[in-house]
>>> print(open('entry.pdb').read())   # PDB, C-alpha atoms
ATOM      1  CA  MET A  37       0.000   0.000   0.000
ATOM      2  CA  PRO A  38       1.294   3.522  -0.747
ATOM      3  CA  ASP A  39       2.968   5.489   2.022
ATOM      4  CA  SER A  40       0.326   7.742   3.600
ATOM      5  CA  ALA A  41       2.964  10.461   4.082
ATOM      6  CA  LEU A  42       3.087  11.089   0.330
ATOM      7  CA  SER A  43       1.514  14.431  -0.563
ATOM      8  CA  GLU A  44      -1.310  14.777  -3.025
ATOM      9  CA  LEU A  45      -0.542  16.699  -6.184
ATOM     10  CA  PRO A  46      -1.527  20.378  -6.288
ATOM     11  CA  ALA A  47      -4.181  21.564  -8.741
ATOM     12  CA  SER A  48      -1.428  23.330 -10.711
ATOM     13  CA  PHE A  49      -0.001  19.934 -11.729
ATOM     14  CA  TYR A  50      -2.916  19.489 -14.159
ATOM     15  CA  CYS A  51      -2.537  22.946 -15.774
ATOM     16  CA  ARG A  52       0.136  21.787 -18.217
ATOM     17  CA  ASP A  53       0.461  20.265 -21.666
ATOM     18  CA  VAL A  54      -1.396  16.965 -22.170
ATOM     19  CA  LEU A  55       1.666  15.109 -23.520
ATOM     20  CA  THR A  56       3.766  16.141 -20.519
ATOM     21  CA  ILE A  57       1.092  15.107 -18.053
ATOM     22  CA  ALA A  58       0.452  11.782 -19.831
ATOM     23  CA  GLN A  59       4.125  10.915 -19.307
ATOM     24  CA  ASP A  60       4.385  12.387 -15.802
ATOM     25  CA  LEU A  61       1.433  10.281 -14.598
ATOM     26  CA  ILE A  62       3.376   7.070 -15.250
ATOM     27  CA  GLY A  63       4.569   5.837 -11.864
ATOM     28  CA  MET A  64       2.085   7.864  -9.798
ATOM     29  CA  THR A  65      -0.440   6.123  -7.574
ATOM     30  CA  LEU A  66      -4.156   6.622  -8.213
ATOM     31  CA  LEU A  67      -6.618   5.624  -5.518
ATOM     32  CA  PHE A  68     -10.396   5.833  -5.545
ATOM     33  CA  ASP A  69     -11.948   5.225  -2.143
ATOM     34  CA  GLY A  70      -8.722   3.506  -1.083
ATOM     35  CA  VAL A  71      -8.626   1.141  -4.084
ATOM     36  CA  GLY A  72      -6.103   1.503  -6.905
ATOM     37  CA  GLY A  73      -2.507   1.299  -7.921
ATOM     38  CA  VAL A  74       0.451   2.651  -9.806
ATOM     39  CA  ILE A  75      -0.326   4.122 -13.221
ATOM     40  CA  VAL A  76       1.640   2.171 -15.830
ATOM     41  CA  GLU A  77      -0.066   3.230 -19.093
ATOM     42  CA  THR A  78      -1.790   6.352 -20.434
ATOM     43  CA  GLU A  79      -2.901   7.933 -23.719
ATOM     44  CA  ALA A  80      -3.071  11.655 -24.529
ATOM     45  CA  TYR A  81      -5.967  13.353 -26.349
ATOM     46  CA  ASP A  82      -6.179  17.008 -27.367
ATOM     47  CA  ARG A  83      -8.910  19.185 -28.888
ATOM     48  CA  ASP A  84      -6.990  19.412 -32.204
ATOM     49  CA  ASP A  85      -6.728  15.605 -32.326
ATOM     50  CA  PRO A  86      -9.188  13.905 -34.718
ATOM     51  CA  ALA A  87      -9.321  10.910 -32.333
ATOM     52  CA  SER A  88     -10.473  13.072 -29.392
ATOM     53  CA  HIS A  89     -14.081  13.278 -28.207
ATOM     54  CA  THR A  90     -13.733  17.075 -28.344
ATOM     55  CA  TYR A  91     -12.507  17.415 -31.923
ATOM     56  CA  ARG A  92     -15.941  18.462 -33.216
ATOM     57  CA  GLY A  93     -16.705  20.735 -30.272
ATOM     58  CA  GLN A  94     -18.470  20.643 -26.951
ATOM     59  CA  THR A  95     -21.414  18.333 -26.301
ATOM     60  CA  ALA A  96     -23.277  17.235 -23.178
ATOM     61  CA  ARG A  97     -21.154  14.050 -23.171
ATOM     62  CA  ASN A  98     -17.713  15.711 -23.358
ATOM     63  CA  ALA A  99     -18.443  18.955 -21.449
ATOM     64  CA  VAL A 100     -16.182  17.964 -18.524
ATOM     65  CA  MET A 101     -13.159  17.999 -20.872
ATOM     66  CA  PHE A 102     -13.797  21.710 -21.515
ATOM     67  CA  GLY A 103     -13.920  22.460 -17.801
ATOM     68  CA  PRO A 104     -11.215  22.948 -15.216
ATOM     69  CA  PRO A 105      -8.139  20.713 -15.227
ATOM     70  CA  GLY A 106      -7.665  18.122 -12.509
ATOM     71  CA  HIS A 107     -11.139  16.642 -12.883
ATOM     72  CA  VAL A 108     -12.115  13.222 -14.203
ATOM     73  CA  TYR A 109     -13.931  12.780 -17.487
ATOM     74  CA  ILE A 110     -15.638   9.382 -17.433
ATOM     75  CA  TYR A 111     -17.552   8.158 -20.441
ATOM     76  CA  PHE A 112     -19.496   5.051 -21.426
ATOM     77  CA  THR A 113     -18.359   3.173 -24.522
ATOM     78  CA  TYR A 114     -19.610   0.236 -26.592
ATOM     79  CA  GLY A 115     -22.773   0.261 -24.485
ATOM     80  CA  MET A 116     -21.020  -1.633 -21.686
ATOM     81  CA  HIS A 117     -17.743  -0.088 -20.438
ATOM     82  CA  TRP A 118     -16.654   2.992 -18.495
ATOM     83  CA  CYS A 119     -13.347   4.731 -19.294
ATOM     84  CA  ALA A 120     -11.652   7.397 -17.140
ATOM     85  CA  ASN A 121      -9.599  10.399 -18.238
ATOM     86  CA  ILE A 122      -7.829  13.187 -16.379
ATOM     87  CA  VAL A 123      -8.654  16.654 -17.754
ATOM     88  CA  CYS A 124      -5.582  18.848 -18.151
ATOM     89  CA  GLY A 125      -4.296  22.073 -19.708
ATOM     90  CA  GLU A 126      -6.144  25.367 -19.628
ATOM     91  CA  PRO A 127      -9.921  25.412 -19.084
ATOM     92  CA  GLY A 128     -11.585  25.310 -22.486
ATOM     93  CA  ARG A 129      -8.608  23.543 -24.111
ATOM     94  CA  ALA A 130     -10.375  20.159 -23.863
ATOM     95  CA  SER A 131      -7.320  17.977 -23.342
ATOM     96  CA  ALA A 132      -7.348  14.784 -21.312
ATOM     97  CA  VAL A 133      -5.257  11.742 -20.467
ATOM     98  CA  LEU A 134      -6.934   8.347 -20.759
ATOM     99  CA  LEU A 135      -5.961   5.997 -17.933
ATOM    100  CA  ARG A 136      -5.132   2.718 -19.712
ATOM    101  CA  ALA A 137      -3.609   0.521 -16.995
ATOM    102  CA  LEU A 138      -2.584   0.335 -13.349
ATOM    103  CA  GLU A 139      -0.417  -2.019 -11.346
ATOM    104  CA  PRO A 140      -2.833  -2.926  -8.528
ATOM    105  CA  VAL A 141      -1.454  -2.195  -5.058
ATOM    106  CA  ALA A 142      -4.416  -1.311  -2.800
ATOM    107  CA  GLY A 143      -7.771  -3.011  -2.372
ATOM    108  CA  LEU A 144      -6.920  -6.086  -4.440
ATOM    109  CA  GLU A 145      -9.692  -8.111  -2.810
ATOM    110  CA  ARG A 146     -12.306  -5.509  -3.791
ATOM    111  CA  MET A 147     -10.866  -5.320  -7.316
ATOM    112  CA  ALA A 148     -10.948  -9.097  -7.703
ATOM    113  CA  GLN A 149     -14.553  -9.208  -6.518
ATOM    114  CA  ARG A 150     -15.612  -6.462  -8.951
ATOM    115  CA  ARG A 151     -13.754  -8.069 -11.852
ATOM    116  CA  GLY A 152     -14.662 -11.677 -11.020
ATOM    117  CA  LEU A 153     -11.037 -12.819 -11.179
ATOM    118  CA  ALA A 154      -7.953 -12.769  -9.005
ATOM    119  CA  ASN A 155      -5.011 -12.493 -11.440
ATOM    120  CA  PRO A 156      -3.401  -9.124 -10.537
ATOM    121  CA  ALA A 157      -2.064  -8.700 -14.090
ATOM    122  CA  GLN A 158      -5.636  -8.765 -15.439
ATOM    123  CA  LEU A 159      -7.353  -6.560 -12.853
ATOM    124  CA  CYS A 160      -6.535  -3.128 -14.342
ATOM    125  CA  SER A 161      -4.886  -3.870 -17.712
ATOM    126  CA  GLY A 162      -7.110  -1.800 -19.972
ATOM    127  CA  PRO A 163      -9.266   1.303 -19.507
ATOM    128  CA  ALA A 164     -12.551  -0.572 -18.986
ATOM    129  CA  ARG A 165     -10.964  -3.132 -16.650
ATOM    130  CA  LEU A 166      -9.366  -0.296 -14.672
ATOM    131  CA  CYS A 167     -12.711   1.452 -14.171
ATOM    132  CA  GLN A 168     -14.489  -1.775 -13.224
ATOM    133  CA  ALA A 169     -11.762  -2.717 -10.719
ATOM    134  CA  LEU A 170     -11.786   0.720  -9.072
ATOM    135  CA  GLY A 171     -15.579   1.028  -9.159
ATOM    136  CA  LEU A 172     -15.543   4.112 -11.405
ATOM    137  CA  THR A 173     -18.759   4.909 -13.282
ATOM    138  CA  GLY A 174     -20.474   7.917 -14.779
ATOM    139  CA  SER A 175     -21.494   9.056 -11.296
ATOM    140  CA  GLN A 176     -17.883  10.208 -10.732
ATOM    141  CA  ASN A 177     -17.754  12.164 -14.023
ATOM    142  CA  GLY A 178     -16.571  15.709 -13.273
ATOM    143  CA  LEU A 179     -15.210  15.069  -9.773
ATOM    144  CA  ALA A 180     -11.934  16.731  -8.771
ATOM    145  CA  LEU A 181      -8.875  14.531  -8.336
ATOM    146  CA  THR A 182      -7.676  16.871  -5.596
ATOM    147  CA  GLN A 183     -10.564  15.851  -3.317
ATOM    148  CA  SER A 184     -11.717  12.672  -1.616
ATOM    149  CA  PRO A 185     -12.565   9.934  -2.602
ATOM    150  CA  PHE A 186      -9.697  10.384  -5.100
ATOM    151  CA  GLU A 187      -5.996  10.474  -4.263
ATOM    152  CA  LEU A 188      -3.236  10.928  -6.805
ATOM    153  CA  LEU A 189       0.127  10.445  -5.126
ATOM    154  CA  ARG A 190       3.629  11.278  -6.258
ATOM    155  CA  ARG A 191       5.999   8.667  -7.630
ATOM    156  CA  THR A 192       8.030   6.593  -5.221
ATOM    157  CA  LYS A 193      10.491   5.621  -7.960
ATOM    158  CA  GLU A 194      11.344   6.942 -11.412
ATOM    159  CA  PRO A 195       9.949   4.829 -14.269
ATOM    160  CA  THR A 196      11.449   4.351 -17.713
ATOM    161  CA  VAL A 197       8.680   5.701 -19.958
ATOM    162  CA  VAL A 198       8.203   4.440 -23.513
ATOM    163  CA  ALA A 199       5.911   5.841 -26.222
ATOM    164  CA  GLY A 200       3.974   4.299 -29.071
ATOM    165  CA  PRO A 201       0.755   4.532 -31.086
ATOM    166  CA  ARG A 202      -2.573   4.642 -29.281
ATOM    167  CA  ILE A 203      -4.766   1.549 -29.203
ATOM    168  CA  GLY A 204      -8.151   1.060 -30.840
ATOM    169  CA  ILE A 205      -8.388   4.296 -32.807
ATOM    170  CA  THR A 206      -8.609   4.843 -36.548
ATOM    171  CA  LYS A 207      -7.851   8.582 -36.675
ATOM    172  CA  ALA A 208      -4.453  10.199 -36.020
ATOM    173  CA  VAL A 209      -2.904   6.759 -35.675
ATOM    174  CA  GLU A 210       0.548   8.131 -36.477
ATOM    175  CA  ARG A 211       0.735  10.049 -33.195
ATOM    176  CA  PRO A 212       2.878   8.242 -30.587
ATOM    177  CA  TRP A 213       0.644   9.462 -27.761
ATOM    178  CA  ARG A 214       0.449   6.226 -25.768
ATOM    179  CA  PHE A 215       2.879   6.082 -22.853
ATOM    180  CA  GLY A 216       3.849   3.252 -20.549
ATOM    181  CA  TRP A 217       6.257   1.983 -17.962
ATOM    182  CA  SER A 218       8.810  -0.017 -19.925
ATOM    183  CA  GLY A 219       8.707  -3.717 -19.049
ATOM    184  CA  SER A 220       5.626  -3.542 -16.813
ATOM    185  CA  LYS A 221       3.640  -6.787 -16.759
ATOM    186  CA  PHE A 222       0.483  -4.758 -16.044
ATOM    187  CA  LEU A 223       0.226  -2.974 -19.421
ATOM    188  CA  SER A 224      -2.901  -3.468 -21.526
ATOM    189  CA  LYS A 225      -0.691  -4.325 -24.505
ATOM    190  CA  LYS A 226       3.073  -4.513 -24.973
ATOM    191  CA  PHE A 227       4.836  -1.668 -26.742
TER
END
>>> encode(input="entry.pdb", output="structure tokens")
Amino acid sequence: MPDSALSELPASFYCRDVLTIAQDLIGMTLLFDGVGGVIVETEAYDRDDPASHTYRGQTARNAVMFGPPGHVYIYFTYGMHWCANIVCGEPGRASAVLLRALEPVAGLERMAQRRGLANPAQLCSGPARLCQALGLTGSQNGLALTQSPFELLRRTKEPTVVAGPRIGITKAVERPWRFGWSGSKFLSKKF
């Protein structure tokens, strides 16, 4: 379990470029109601990105991405899965980092119960699995990461971050905006 003496990140952490934040999140610990782990994989999305939900402008679904940084944008996909993003940059910029995978470290029993399996490598290895394991749904959409029940804690060790193409998109596929902890066995897909 993470050291409780670690300080939460200030709101200013999220007021930076989406690509920088997507890489800086690797190795940080995300907890939701005490359940979570070390972020090992992310993807960046920006308003000028044809693969982003905000490329065509603001809608009721993506409105949180246009709001203040440091909040979670959670959306429903394929009629069955939740996916969580961290809004970043300036308000109105509509940039966010998709959380793709965690190394589970806290609340493994609750994660296993929610996911219906016990293999730690499969608990949070993908955006939908991550949300299911942590219990994230649309009811948390728009909540601030700087407030309970969320905690985002600083790194305890420096990861080696690798980059590659994002997964499951057909637009802007040439952008190496997927980031991960090199060699992690908890990634959704190898680089």
>>> residues_near_point(input="entry.pdb", point="(-4.6, 14.0, -21.5)", cutoff="7 Å", atoms="only C-alpha atoms", output="list in words")
Val54, Leu55, Ile57, Ala58, Glu79, Ala80, Tyr81, Asp82, Asn121, Ile122, Val123, Cys124, Ser131, Ala132, Val133 and Leu134 of chain A
>>> resolve_selection(input="entry.pdb", expression="the PyMOL selection byres ((chain A and resi 191) around 10)", output="list in words")
Pro38, Leu42, Asp60, Leu61, Ile62, Gly63, Met64, Thr65, Val74, Ile75, Leu188, Leu189, Arg190, Thr192, Lys193, Glu194 and Pro195 of chain A
>>> residues_near_point(input="entry.pdb", point="(-8.6, 18.5, -29.5)", cutoff="10 Å", atoms="only C-alpha atoms", output="list in words")
Tyr81, Asp82, Arg83, Asp84, Asp85, Pro86, Ala87, Ser88, His89, Thr90, Tyr91, Arg92, Gly93, Met101, Arg129, Ala130, Ser131 and Ala132 of chain A
>>> closest_atom_pairs(input="entry.pdb", of="segment 154-218 of chain A", to="segment 113-117 of chain A", cutoff="9 Å", atoms="all atoms listed in the file", output="tab-separated table")
residue	atom	partner	partner_atom	distance
A:Pro163	CA	A:His117	CA	8.6
A:Ala164	CA	A:His117	CA	5.4
A:Arg165	CA	A:His117	CA	8.3
A:Cys167	CA	A:His117	CA	8.2
A:Gln168	CA	A:His117	CA	8.1
A:Thr173	CA	A:His117	CA	8.8
>>> atom_distance(input="entry.pdb", atom1="atom CA of Ser161 of chain A", atom2="atom CA of Phe68 of chain A")
16.5 Å
>>> atom_distance(input="entry.pdb", atom1="atom CA of Phe186 of chain A", atom2="atom CA of Gly128 of chain A")
23.0 Å
>>> resolve_selection(input="entry.pdb", expression="the PyMOL selection byres ((chain A and resi 213) around 7)", output="list in words")
Glu79, Ala80, Ala199, Gly200, Pro201, Arg202, Arg211, Pro212, Arg214 and Phe215 of chain A
>>> closest_residue(input="entry.pdb", among="A:Gly103, A:Gly72, A:Gly178, A:Pro127", to="Arg146 of chain A", atoms="all atoms listed in the file")
A:Gly72
>>> closest_residue(input="entry.pdb", among="A:Ala180, A:Glu77, A:Val71, A:Gly174", to="Ala148 of chain A", atoms="all atoms listed in the file")
A:Val71
>>> resolve_selection(input="entry.pdb", expression="the PyMOL selection byres ((chain A and resi 176) around 10)", output="MDAnalysis selection string")
chainID A and resid 107:111 120 171:175 177:180 185:186
>>> closest_residue(input="entry.pdb", among="A:Pro140, A:Gly125, A:Pro104, A:Pro156", to="Thr56 of chain A", atoms="all atoms listed in the file")
A:Gly125
>>> atom_distance(input="entry.pdb", atom1="atom CA of Val76 of chain A", atom2="atom CA of Arg136 of chain A")
7.8 Å
